[in-house]
$ cat entry_33.tsv   # TSV, C-alpha atoms
chain	number	residue	atom	x	y	z
A	1	MET	CA	0.00	0.00	0.00
A	2	ASP	CA	2.97	2.31	0.67
A	3	SER	CA	4.01	2.18	-3.00
A	4	TYR	CA	0.52	3.19	-4.10
A	5	ARG	CA	0.34	6.04	-1.58
A	6	GLN	CA	3.74	7.28	-2.71
A	7	TRP	CA	2.68	7.17	-6.37
A	8	SER	CA	-0.72	8.74	-5.82
A	9	GLU	CA	0.57	11.67	-3.78
A	10	ASN	CA	4.00	12.57	-5.21
A	11	LYS	CA	4.90	13.78	-8.66
A	12	ILE	CA	7.10	11.28	-10.48
A	13	GLY	CA	10.11	11.94	-12.71
A	14	LYS	CA	10.38	10.59	-16.22
A	15	PRO	CA	8.05	7.58	-16.42
A	16	GLU	CA	9.37	4.11	-17.14
A	17	LEU	CA	5.85	3.04	-18.07
A	18	SER	CA	2.73	4.79	-19.38
A	19	VAL	CA	-0.65	3.09	-19.10
A	20	VAL	CA	-3.29	4.46	-21.48
A	21	ILE	CA	-6.96	3.67	-20.93
A	22	PRO	CA	-9.40	4.78	-23.65
A	23	THR	CA	-12.83	5.65	-22.28
A	24	TYR	CA	-16.23	6.34	-23.74
A	25	ASN	CA	-19.16	6.59	-21.32
A	26	GLU	CA	-17.40	4.45	-18.73
A	27	GLU	CA	-18.74	6.15	-15.58
A	28	TRP	CA	-19.97	2.79	-14.30
A	29	ARG	CA	-16.76	0.81	-14.82
A	30	ILE	CA	-13.75	3.07	-14.91
A	31	ILE	CA	-12.94	3.67	-11.23
A	32	PRO	CA	-12.51	0.00	-10.22
A	33	THR	CA	-10.29	-0.45	-13.28
A	34	ILE	CA	-8.16	2.55	-12.31
A	35	GLY	CA	-7.93	1.22	-8.75
A	36	ALA	CA	-6.81	-2.23	-9.87
A	37	ILE	CA	-4.22	-0.80	-12.26
A	38	ALA	CA	-2.90	1.73	-9.74
A	39	SER	CA	-2.56	-1.00	-7.11
A	40	ALA	CA	-0.72	-3.50	-9.31
A	41	VAL	CA	1.54	-1.18	-11.30
A	42	SER	CA	2.65	0.83	-8.26
A	43	GLU	CA	4.03	-2.37	-6.75
A	44	THR	CA	6.42	-2.77	-9.71
A	45	TYR	CA	7.12	0.76	-10.88
A	46	ALA	CA	7.78	3.89	-8.85
A	47	ASN	CA	7.79	6.08	-11.94
A	48	TRP	CA	4.77	5.44	-14.09
A	49	GLU	CA	1.96	7.53	-15.43
A	50	LEU	CA	-1.69	6.84	-16.08
A	51	ILE	CA	-3.43	8.49	-19.02
A	52	ILE	CA	-7.18	8.41	-19.41
A	53	SER	CA	-7.97	9.24	-23.03
A	54	ASP	CA	-11.63	10.09	-23.17
A	55	ASP	CA	-13.44	9.86	-26.45
A	56	GLY	CA	-16.13	12.49	-25.99
A	57	SER	CA	-18.08	10.77	-23.24
A	58	THR	CA	-21.54	12.19	-22.68
A	59	ASP	CA	-21.84	10.79	-19.17
A	60	GLU	CA	-19.89	11.66	-16.01
A	61	THR	CA	-16.70	9.78	-16.94
A	62	VAL	CA	-14.47	12.84	-17.29
A	63	LYS	CA	-15.81	14.51	-14.16
A	64	LEU	CA	-15.34	11.34	-12.10
A	65	VAL	CA	-11.78	10.65	-13.17
A	66	THR	CA	-10.70	14.29	-12.98
A	67	GLU	CA	-11.75	14.36	-9.34
A	68	LEU	CA	-9.64	11.34	-8.36
A	69	PRO	CA	-6.74	12.18	-6.04
A	70	LEU	CA	-4.06	10.69	-8.30
A	71	ILE	CA	-1.35	13.20	-9.03
A	72	ASN	CA	0.30	11.16	-11.80
A	73	MET	CA	-2.88	10.58	-13.77
A	74	ARG	CA	-3.70	12.78	-16.74
A	75	VAL	CA	-6.99	13.06	-18.58
A	76	VAL	CA	-6.92	13.71	-22.33
A	77	THR	CA	-10.27	14.82	-23.73
A	78	SER	CA	-11.62	15.09	-27.25
A	79	VAL	CA	-14.78	15.03	-29.27
A	80	ASN	CA	-15.99	11.52	-30.09
A	81	THR	CA	-13.97	9.87	-32.85
A	82	GLY	CA	-13.89	6.16	-31.98
A	83	LYS	CA	-11.67	3.90	-29.90
A	84	GLY	CA	-8.74	4.05	-32.31
A	85	GLY	CA	-8.66	7.82	-32.10
A	86	ALA	CA	-8.80	7.75	-28.30
A	87	VAL	CA	-5.94	5.26	-28.03
A	88	ARG	CA	-3.86	7.24	-30.53
A	89	ARG	CA	-4.32	10.54	-28.68
A	90	GLY	CA	-3.45	8.87	-25.38
A	91	VAL	CA	-0.39	7.06	-26.69
A	92	LEU	CA	0.97	10.16	-28.42
A	93	GLU	CA	0.76	11.96	-25.04
A	94	ALA	CA	2.63	9.12	-23.29
A	95	GLU	CA	6.17	9.71	-22.06
A	96	GLY	CA	7.05	6.25	-20.72
A	97	ASP	CA	9.81	3.97	-22.00
A	98	LEU	CA	7.08	1.36	-22.36
A	99	VAL	CA	3.48	2.15	-23.28
A	100	LEU	CA	0.56	-0.15	-22.46
A	101	PHE	CA	-2.97	0.41	-23.62
A	102	ALA	CA	-5.60	-1.44	-21.66
A	103	ASP	CA	-9.36	-1.50	-22.04
A	104	ALA	CA	-11.47	0.28	-19.44
A	105	ASP	CA	-13.30	-2.86	-18.38
A	106	GLN	CA	-10.28	-4.71	-16.89
A	107	ALA	CA	-11.26	-7.67	-19.10
A	108	THR	CA	-7.57	-8.52	-19.27
A	109	PRO	CA	-6.46	-8.17	-15.65
A	110	ILE	CA	-3.50	-5.86	-15.15
A	111	GLU	CA	-1.72	-8.72	-13.39
A	112	GLN	CA	-0.90	-9.98	-16.91
A	113	LEU	CA	1.47	-7.05	-17.49
A	114	PRO	CA	4.70	-8.55	-16.05
A	115	ALA	CA	4.42	-11.54	-18.42
A	116	MET	CA	3.90	-9.14	-21.34
A	117	ILE	CA	6.97	-7.12	-20.39
A	118	LYS	CA	9.07	-10.27	-20.00
A	119	MET	CA	8.00	-11.57	-23.41
A	120	LEU	CA	8.68	-8.19	-25.02
A	121	GLU	CA	12.17	-8.04	-23.52
A	122	ASP	CA	13.07	-11.71	-23.95
A	123	ASN	CA	12.11	-11.58	-27.63
A	124	ASN	CA	13.60	-8.17	-28.23
A	125	ALA	CA	10.21	-7.23	-29.64
A	126	ALA	CA	8.78	-3.79	-30.36
A	127	VAL	CA	5.20	-4.80	-29.60
A	128	ALA	CA	3.66	-7.44	-27.30
A	129	ILE	CA	0.00	-8.20	-27.94
A	130	GLY	CA	-2.32	-9.91	-25.48
A	131	SER	CA	-3.93	-12.93	-27.07
A	132	ARG	CA	-7.00	-14.92	-26.12
A	133	SER	CA	-6.35	-17.53	-28.79
A	134	VAL	CA	-2.84	-18.88	-28.32
A	135	ASP	CA	-1.90	-21.80	-26.07
A	136	GLY	CA	-1.90	-20.80	-22.44
A	137	ALA	CA	-4.66	-18.19	-22.74
A	138	SER	CA	-7.79	-18.45	-20.64
A	139	VAL	CA	-11.15	-16.98	-21.57
A	140	ALA	CA	-14.07	-16.70	-19.15
A	141	ASN	CA	-17.73	-16.06	-19.96
A	142	LYS	CA	-17.32	-15.17	-23.63
A	143	SER	CA	-20.59	-15.75	-25.45
A	144	ALA	CA	-20.68	-18.39	-28.18
A	145	PHE	CA	-21.84	-15.76	-30.71
A	146	ARG	CA	-18.96	-13.44	-29.89
A	147	GLU	CA	-16.52	-16.34	-30.02
A	148	LEU	CA	-17.78	-17.38	-33.45
A	149	LEU	CA	-17.72	-13.83	-34.78
A	150	SER	CA	-14.23	-13.32	-33.44
A	151	LYS	CA	-12.91	-16.53	-35.03
A	152	GLY	CA	-14.50	-15.63	-38.36
A	153	LEU	CA	-12.95	-12.18	-38.41
A	154	GLN	CA	-9.55	-13.48	-37.37
A	155	THR	CA	-9.63	-15.99	-40.20
A	156	ILE	CA	-10.40	-13.20	-42.67
A	157	VAL	CA	-7.55	-11.17	-41.20
A	158	ARG	CA	-5.07	-14.04	-41.47
A	159	LEU	CA	-6.03	-14.82	-45.04
A	160	GLY	CA	-6.53	-11.25	-46.27
A	161	PHE	CA	-3.60	-9.58	-44.58
A	162	ARG	CA	-1.26	-12.52	-44.06
A	163	LEU	CA	-0.81	-11.59	-40.43
A	164	PRO	CA	0.42	-14.57	-38.41
A	165	TYR	CA	-1.43	-13.59	-35.21
A	166	GLN	CA	-4.28	-15.50	-33.62
A	167	ASP	CA	-5.90	-12.49	-31.96
A	168	THR	CA	-5.45	-8.95	-33.26
A	169	GLN	CA	-8.27	-7.39	-31.23
A	170	CYS	CA	-7.45	-7.96	-27.57
A	171	GLY	CA	-7.46	-4.60	-25.77
A	172	PHE	CA	-4.15	-5.15	-24.01
A	173	LYS	CA	-1.07	-4.22	-26.02
A	174	LEU	CA	2.40	-3.14	-24.98
A	175	PHE	CA	4.84	-1.08	-27.05
A	176	THR	CA	8.33	0.22	-26.70
A	177	ARG	CA	8.23	3.99	-26.68
A	178	ASP	CA	9.90	4.19	-30.09
A	179	ALA	CA	7.49	1.71	-31.67
A	180	ALA	CA	4.47	3.40	-30.09
A	181	LYS	CA	5.40	6.84	-31.40
A	182	LYS	CA	6.19	5.55	-34.89
A	183	LEU	CA	3.12	3.34	-35.25
A	184	PHE	CA	0.60	5.78	-33.85
A	185	SER	CA	2.02	8.65	-35.90
A	186	VAL	CA	0.94	6.96	-39.12
A	187	GLN	CA	-2.06	4.97	-37.88
A	188	LYS	CA	-5.31	6.40	-39.25
A	189	ILE	CA	-8.33	4.25	-38.39
A	190	ASP	CA	-10.45	5.74	-35.61
A	191	GLY	CA	-12.71	2.72	-35.06
A	192	PHE	CA	-12.29	-0.78	-33.61
A	193	SER	CA	-10.10	-2.06	-36.44
A	194	PHE	CA	-7.22	0.21	-35.42
A	195	ASP	CA	-5.59	-2.80	-33.69
A	196	LEU	CA	-5.42	-4.65	-36.97
A	197	GLU	CA	-4.08	-1.57	-38.73
A	198	LEU	CA	-1.32	-1.19	-36.11
A	199	LEU	CA	-0.20	-4.79	-36.50
A	200	TYR	CA	-0.32	-4.49	-40.27
A	201	ILE	CA	1.91	-1.40	-40.13
A	202	ALA	CA	4.29	-3.12	-37.72
A	203	ARG	CA	4.64	-6.17	-39.94
A	204	LYS	CA	4.98	-4.13	-43.12
A	205	ASN	CA	7.87	-2.23	-41.55
A	206	GLY	CA	9.55	-5.22	-39.93
A	207	LEU	CA	8.86	-4.32	-36.31
A	208	PRO	CA	8.95	-7.54	-34.26
A	209	VAL	CA	5.66	-8.43	-32.59
A	210	VAL	CA	5.21	-11.15	-29.98
A	211	GLU	CA	1.83	-12.66	-29.10
A	212	VAL	CA	1.37	-13.37	-25.40
A	213	PRO	CA	-1.36	-15.60	-23.92
A	214	VAL	CA	-3.51	-13.72	-21.44
A	215	GLU	CA	-6.32	-14.35	-19.04
A	216	TRP	CA	-9.50	-12.63	-20.27
A	217	HIS	CA	-12.88	-12.17	-18.63
A	218	ASP	CA	-15.97	-11.03	-20.44
A	219	ALA	CA	-17.15	-7.78	-18.89
A	220	PRO	CA	-20.87	-7.05	-19.24
A	221	GLY	CA	-21.54	-3.66	-20.81
A	222	SER	CA	-18.94	-4.09	-23.53
A	223	LYS	CA	-18.94	-1.29	-26.10
A	224	VAL	CA	-18.37	-3.86	-28.83
A	225	SER	CA	-21.64	-4.57	-30.62
A	226	GLY	CA	-21.11	-7.91	-32.35
A	227	SER	CA	-22.67	-7.60	-35.78
A	228	ARG	CA	-22.51	-3.81	-36.18
A	229	ASP	CA	-18.83	-3.62	-35.30
A	230	ALA	CA	-18.06	-6.70	-37.37
A	231	LEU	CA	-19.48	-4.92	-40.42
A	232	ARG	CA	-17.48	-1.78	-39.66
A	233	PHE	CA	-14.40	-3.94	-39.20
A	234	LEU	CA	-14.92	-5.55	-42.58
A	235	GLY	CA	-15.51	-2.12	-44.11
A	236	ASP	CA	-12.17	-0.89	-42.76
A	237	LEU	CA	-10.17	-3.70	-44.38
A	238	PRO	CA	-10.12	-2.15	-47.87
A	239	VAL	CA	-9.32	1.23	-46.32
A	240	ILE	CA	-6.19	-0.25	-44.73
A	241	ARG	CA	-5.26	-1.82	-48.07
A	242	LYS	CA	-5.77	1.49	-49.87
A	243	ASN	CA	-3.73	3.43	-47.29
A	244	SER	CA	-0.95	0.90	-47.64
A	245	LEU	CA	-0.93	1.13	-51.44
A	246	GLN	CA	-0.78	4.91	-51.21
A	247	GLY	CA	2.34	4.68	-49.04
A	248	ALA	CA	0.70	5.98	-45.88
A	249	TYR	CA	2.24	3.32	-43.65
A	250	VAL	CA	5.93	3.83	-44.29
A	251	LEU	CA	7.73	4.51	-41.00
B	1	MET	CA	-14.63	-16.99	-7.79
B	2	ALA	CA	-14.70	-19.24	-4.75
B	3	LEU	CA	-17.21	-18.54	-1.99
B	4	ALA	CA	-17.15	-20.05	1.50
B	5	ILE	CA	-19.46	-19.46	4.47
B	6	THR	CA	-19.02	-20.27	8.15
B	7	PHE	CA	-21.21	-19.41	11.14
B	8	PRO	CA	-19.06	-18.37	14.12
B	9	GLU	CA	-22.07	-17.22	16.19
B	10	LYS	CA	-25.87	-17.48	16.10
B	11	SER	CA	-26.58	-14.18	14.33
B	12	LYS	CA	-23.22	-13.96	12.57
B	13	SER	CA	-21.90	-15.32	9.32
B	14	TYR	CA	-18.44	-15.15	7.83
B	15	VAL	CA	-18.32	-15.09	4.04
B	16	SER	CA	-15.03	-15.38	2.13
B	17	LEU	CA	-14.75	-14.46	-1.54
B	18	LYS	CA	-11.61	-15.52	-3.39
B	19	GLY	CA	-10.77	-14.39	-6.91
B	20	ARG	CA	-12.54	-11.90	-9.13
B	21	PHE	CA	-15.85	-10.53	-7.80
B	22	ASP	CA	-17.57	-9.02	-10.82
B	23	ALA	CA	-20.91	-8.74	-12.58
B	24	HIS	CA	-20.83	-12.43	-13.47
B	25	GLU	CA	-20.70	-13.33	-9.77
B	26	ALA	CA	-22.95	-10.62	-8.34
B	27	ASP	CA	-26.22	-12.58	-8.60
B	28	ARG	CA	-24.73	-15.59	-6.80
B	29	VAL	CA	-23.44	-13.42	-3.97
B	30	ALA	CA	-26.74	-11.52	-3.80
B	31	ALA	CA	-28.59	-14.82	-3.38
B	32	VAL	CA	-26.23	-15.82	-0.57
B	33	PHE	CA	-26.75	-12.51	1.24
B	34	ALA	CA	-30.53	-12.76	0.80
B	35	GLY	CA	-30.49	-16.28	2.26
B	36	LEU	CA	-28.37	-15.23	5.24
B	37	LEU	CA	-30.55	-12.22	6.03
B	38	ALA	CA	-33.74	-14.29	5.68
B	39	ALA	CA	-32.25	-16.79	8.14
B	40	GLY	CA	-31.63	-14.02	10.68
B	41	LYS	CA	-27.87	-13.91	10.12
B	42	THR	CA	-27.86	-10.14	10.01
B	43	ASP	CA	-24.21	-9.60	10.98
B	44	ILE	CA	-22.24	-10.55	7.92
B	45	GLU	CA	-18.46	-10.40	7.95
B	46	LEU	CA	-17.23	-10.39	4.39
B	47	ASP	CA	-13.61	-11.47	3.97
B	48	LEU	CA	-12.13	-9.83	0.85
B	49	SER	CA	-8.49	-10.56	1.67
B	50	GLU	CA	-8.15	-12.82	-1.37
B	51	THR	CA	-10.43	-10.89	-3.71
B	52	VAL	CA	-8.28	-9.66	-6.57
B	53	PHE	CA	-10.79	-7.33	-8.24
B	54	ILE	CA	-14.22	-5.95	-7.51
B	55	ASP	CA	-16.25	-4.16	-10.19
B	56	SER	CA	-19.07	-1.64	-9.93
B	57	THR	CA	-21.85	-4.20	-10.18
B	58	ALA	CA	-20.35	-6.15	-7.30
B	59	LEU	CA	-19.91	-2.96	-5.26
B	60	ALA	CA	-23.55	-2.08	-5.87
B	61	GLU	CA	-24.55	-5.52	-4.61
B	62	LEU	CA	-22.53	-5.02	-1.44
B	63	VAL	CA	-24.21	-1.67	-0.82
B	64	ARG	CA	-27.64	-3.28	-1.26
B	65	ALA	CA	-26.78	-6.03	1.18
B	66	MET	CA	-25.34	-3.57	3.69
B	67	LYS	CA	-28.53	-1.46	3.60
B	68	ARG	CA	-30.73	-4.52	4.11
B	69	ALA	CA	-28.56	-5.76	6.94
B	70	ARG	CA	-28.68	-2.38	8.68
B	71	GLU	CA	-32.47	-2.24	8.27
B	72	ALA	CA	-32.49	-5.52	10.21
B	73	GLU	CA	-30.16	-3.96	12.83
B	74	GLY	CA	-27.16	-5.88	11.59
B	75	ASP	CA	-24.33	-4.89	9.24
B	76	VAL	CA	-22.06	-6.04	6.46
B	77	THR	CA	-18.48	-5.59	7.66
B	78	ILE	CA	-15.70	-5.82	5.11
B	79	MET	CA	-12.84	-7.82	6.58
B	80	TYR	CA	-9.21	-7.39	5.55
B	81	PRO	CA	-9.72	-6.06	2.02
B	82	SER	CA	-6.83	-6.86	-0.30
B	83	GLN	CA	-4.80	-3.91	-1.56
B	84	PRO	CA	-6.64	-3.52	-4.89
B	85	VAL	CA	-10.01	-3.81	-3.16
B	86	GLN	CA	-9.00	-1.28	-0.50
B	87	ILE	CA	-7.88	1.17	-3.19
B	88	ILE	CA	-11.10	0.66	-5.19
B	89	LEU	CA	-13.15	1.25	-2.02
B	90	GLU	CA	-11.23	4.47	-1.39
B	91	LEU	CA	-11.47	5.78	-4.96
B	92	THR	CA	-15.21	5.11	-5.06
B	93	ALA	CA	-15.58	6.59	-1.54
B	94	PHE	CA	-17.29	3.40	-0.38
B	95	ASP	CA	-14.68	3.15	2.36
B	96	LYS	CA	-16.77	5.80	4.13
B	97	ALA	CA	-20.01	3.88	3.73
B	98	PHE	CA	-18.85	0.48	5.00
B	99	THR	CA	-17.43	-0.68	8.28
B	100	ILE	CA	-14.00	-1.99	7.28
B	101	VAL	CA	-11.53	-4.01	9.30
B	102	SER	CA	-8.20	-3.34	7.63
B	103	GLU	CA	-5.70	-5.84	6.29
B	104	GLN	CA	-3.15	-4.76	8.92
B	105	ARG	CA	-5.66	-5.82	11.57
B	106	LYS	CA	-5.64	-9.38	10.22
B	107	ASP	CA	-2.16	-10.17	11.57
B	108	LEU	CA	-3.18	-8.95	15.03
B	109	ASP	CA	-6.39	-11.01	14.90
B	110	VAL	CA	-4.51	-14.13	13.84
B	111	SER	CA	-1.91	-13.63	16.62
B	112	ALA	CA	-4.66	-13.18	19.20
B	113	GLU	CA	-6.40	-16.33	17.99
B	114	ILE	CA	-3.19	-18.35	18.25
B	115	ALA	CA	-2.55	-16.99	21.75
B	116	SER	CA	-6.06	-17.84	22.96
B	117	ASN	CA	-5.81	-21.36	21.55
B	118	GLY	CA	-2.29	-21.90	22.80

$ encode --input "entry_33.tsv" --output "structure tokens"
Amino acid sequence: MDSYRQWSENKIGKPELSVVIPTYNEEWRIIPTIGAIASAVSETYANWELIISDDGSTDETVKLVTELPLINMRVVTSVNTGKGGAVRRGVLEAEGDLVLFADADQATPIEQLPAMIKMLEDNNAAVAIGSRSVDGASVANKSAFRELLSKGLQTIVRLGFRLPYQDTQCGFKLFTRDAAKKLFSVQKIDGFSFDLELLYIARKNGLPVVEVPVEWHDAPGSKVSGSRDALRFLGDLPVIRKNSLQGAYVL
Amino acid sequence: MALAITFPEKSKSYVSLKGRFDAHEADRVAAVFAGLLAAGKTDIELDLSETVFIDSTALAELVRAMKRAREAEGDVTIMYPSQPVQIILELTAFDKAFTIVSEQRKDLDVSAEIASNG
């Protein structure tokens, strides 16, 4: 508890780690997630920052988080653009040597972070992506429909983009600072398919990516609407292709 | 999440929750609380020392149970909350609503128990 108190009350120096949480109308879920992250990360890092990147919430999210007594937390606000836009704005504000973005629902518990960091370092990778589909992952309470939809989309991704990853969409990804700045500077998709776009850009430019099995819990109230977002996802695929052909993804 | 119940005294119950206490578990815990209160076990001690995460739905369920227990002149006391749970209670300001026996107190309680048994 002492580490958390120290972090919450005293301004840090240059952060070793930045944690970015994108939010959109998360007044119901965000504070427990912040609490869990602050508790776990403070035990490992003295110098880390938390960035809440709000995507034009119309509820009390911004007011609630702004009032929290956490001196090393920043809130980045914007009009609503989509999750990709919120993550990009947050990551581009980040100053840490490592940058994690994590969903606001704590679906992937923050306790998975040390394994992600170890895999990133051991493999000399630029990006470590949480995966619900590789050996060693555990998935709790995911609906059969969502599972089916997810597998279908991942198959399309593997075939269409020749990406060798089992799960491009897990909301738990870790970047070296250099990779984060480069990737998010050219990334353009504002919606849910930004994850795929990031991995496509990384692969196209030879940045090493490692896929790490994570524990994942379905969190009721997910902002992902199965069929609607699947259609948007499919609609974004040709946009990524077009951007690539036009040279937009050269780092 | 693992849930265990013991009954140290006639009107008391001791409930331990281990693991992740979230929306998927809230109904099960609500049913347990309802059963305890209906059986006159109005003093509920809720051990959260091995609870790794508690979400808003679970917190709301605890508040509901605490209000019902207090209406029946009992209480829901949170025992030894783990660090993440303690921080979540503080950030949500629920630490002011509940009676909480802190984690530090646990060592003293265990020592006292050993002494009285020894």

$ closest_atom_pairs --input "entry_33.tsv" --of "chain A" --to "chain B" --cutoff "8 Å" --atoms "only C-alpha atoms" --output "Markdown table"
| residue | atom | partner | partner_atom | distance |
| --- | --- | --- | --- | --- |
| A:Met1 | CA | B:Gln83 | CA | 6.4 |
| A:Trp28 | CA | B:Ser56 | CA | 6.3 |
| A:Arg29 | CA | B:Ser56 | CA | 5.9 |
| A:Ile31 | CA | B:Thr92 | CA | 6.7 |
| A:Pro32 | CA | B:Ile88 | CA | 5.3 |
| A:Thr33 | CA | B:Asp55 | CA | 7.7 |
| A:Ile34 | CA | B:Ile88 | CA | 7.9 |
| A:Gly35 | CA | B:Ile88 | CA | 4.8 |
| A:Ala36 | CA | B:Pro84 | CA | 5.1 |
| A:Ser39 | CA | B:Pro84 | CA | 5.3 |
| A:Ala40 | CA | B:Pro84 | CA | 7.4 |
| A:Leu68 | CA | B:Leu91 | CA | 6.8 |
| A:Ala219 | CA | B:Ala23 | CA | 7.4 |
| A:Pro220 | CA | B:Ala23 | CA | 6.9 |

$ atom_distance --input "entry_33.tsv" --atom1 "atom CA of A:Thr176" --atom2 "atom CA of A:Ile117"
9.8 Å

$ residues_around --input "entry_33.tsv" --residues "A:Val62" --least-positions-apart "4" --cutoff "10 Å" --atoms "all atoms listed in the file" --output "compact mmCIF listing (two decimals) with C-alpha atoms, in the coordinates of the input"
# COMPACT_ATOMS: atom_id res chain seq x y z
CA THR A 23 -12.83 5.65 -22.28
CA TYR A 24 -16.23 6.34 -23.74
CA ASN A 25 -19.16 6.59 -21.32
CA GLU A 26 -17.40 4.45 -18.73
CA GLU A 27 -18.74 6.15 -15.58
CA ILE A 52 -7.18 8.41 -19.41
CA SER A 53 -7.97 9.24 -23.03
CA ASP A 54 -11.63 10.09 -23.17
CA ASP A 55 -13.44 9.86 -26.45
CA GLY A 56 -16.13 12.49 -25.99
CA SER A 57 -18.08 10.77 -23.24
CA THR A 58 -21.54 12.19 -22.68
CA THR A 66 -10.70 14.29 -12.98
CA GLU A 67 -11.75 14.36 -9.34
CA VAL A 75 -6.99 13.06 -18.58
CA VAL A 76 -6.92 13.71 -22.33
CA THR A 77 -10.27 14.82 -23.73

$ closest_residue --input "entry_33.tsv" --among "B:Glu61, B:Asp27, B:Glu103, B:Asp47" --to "B:Val15" --atoms "all atoms listed in the file"
B:Asp47

$ closest_residue --input "entry_33.tsv" --among "B:Ala65, B:Pro8, B:Arg70, B:Lys18" --to "B:Ala34" --atoms "only C-alpha atoms"
B:Ala65
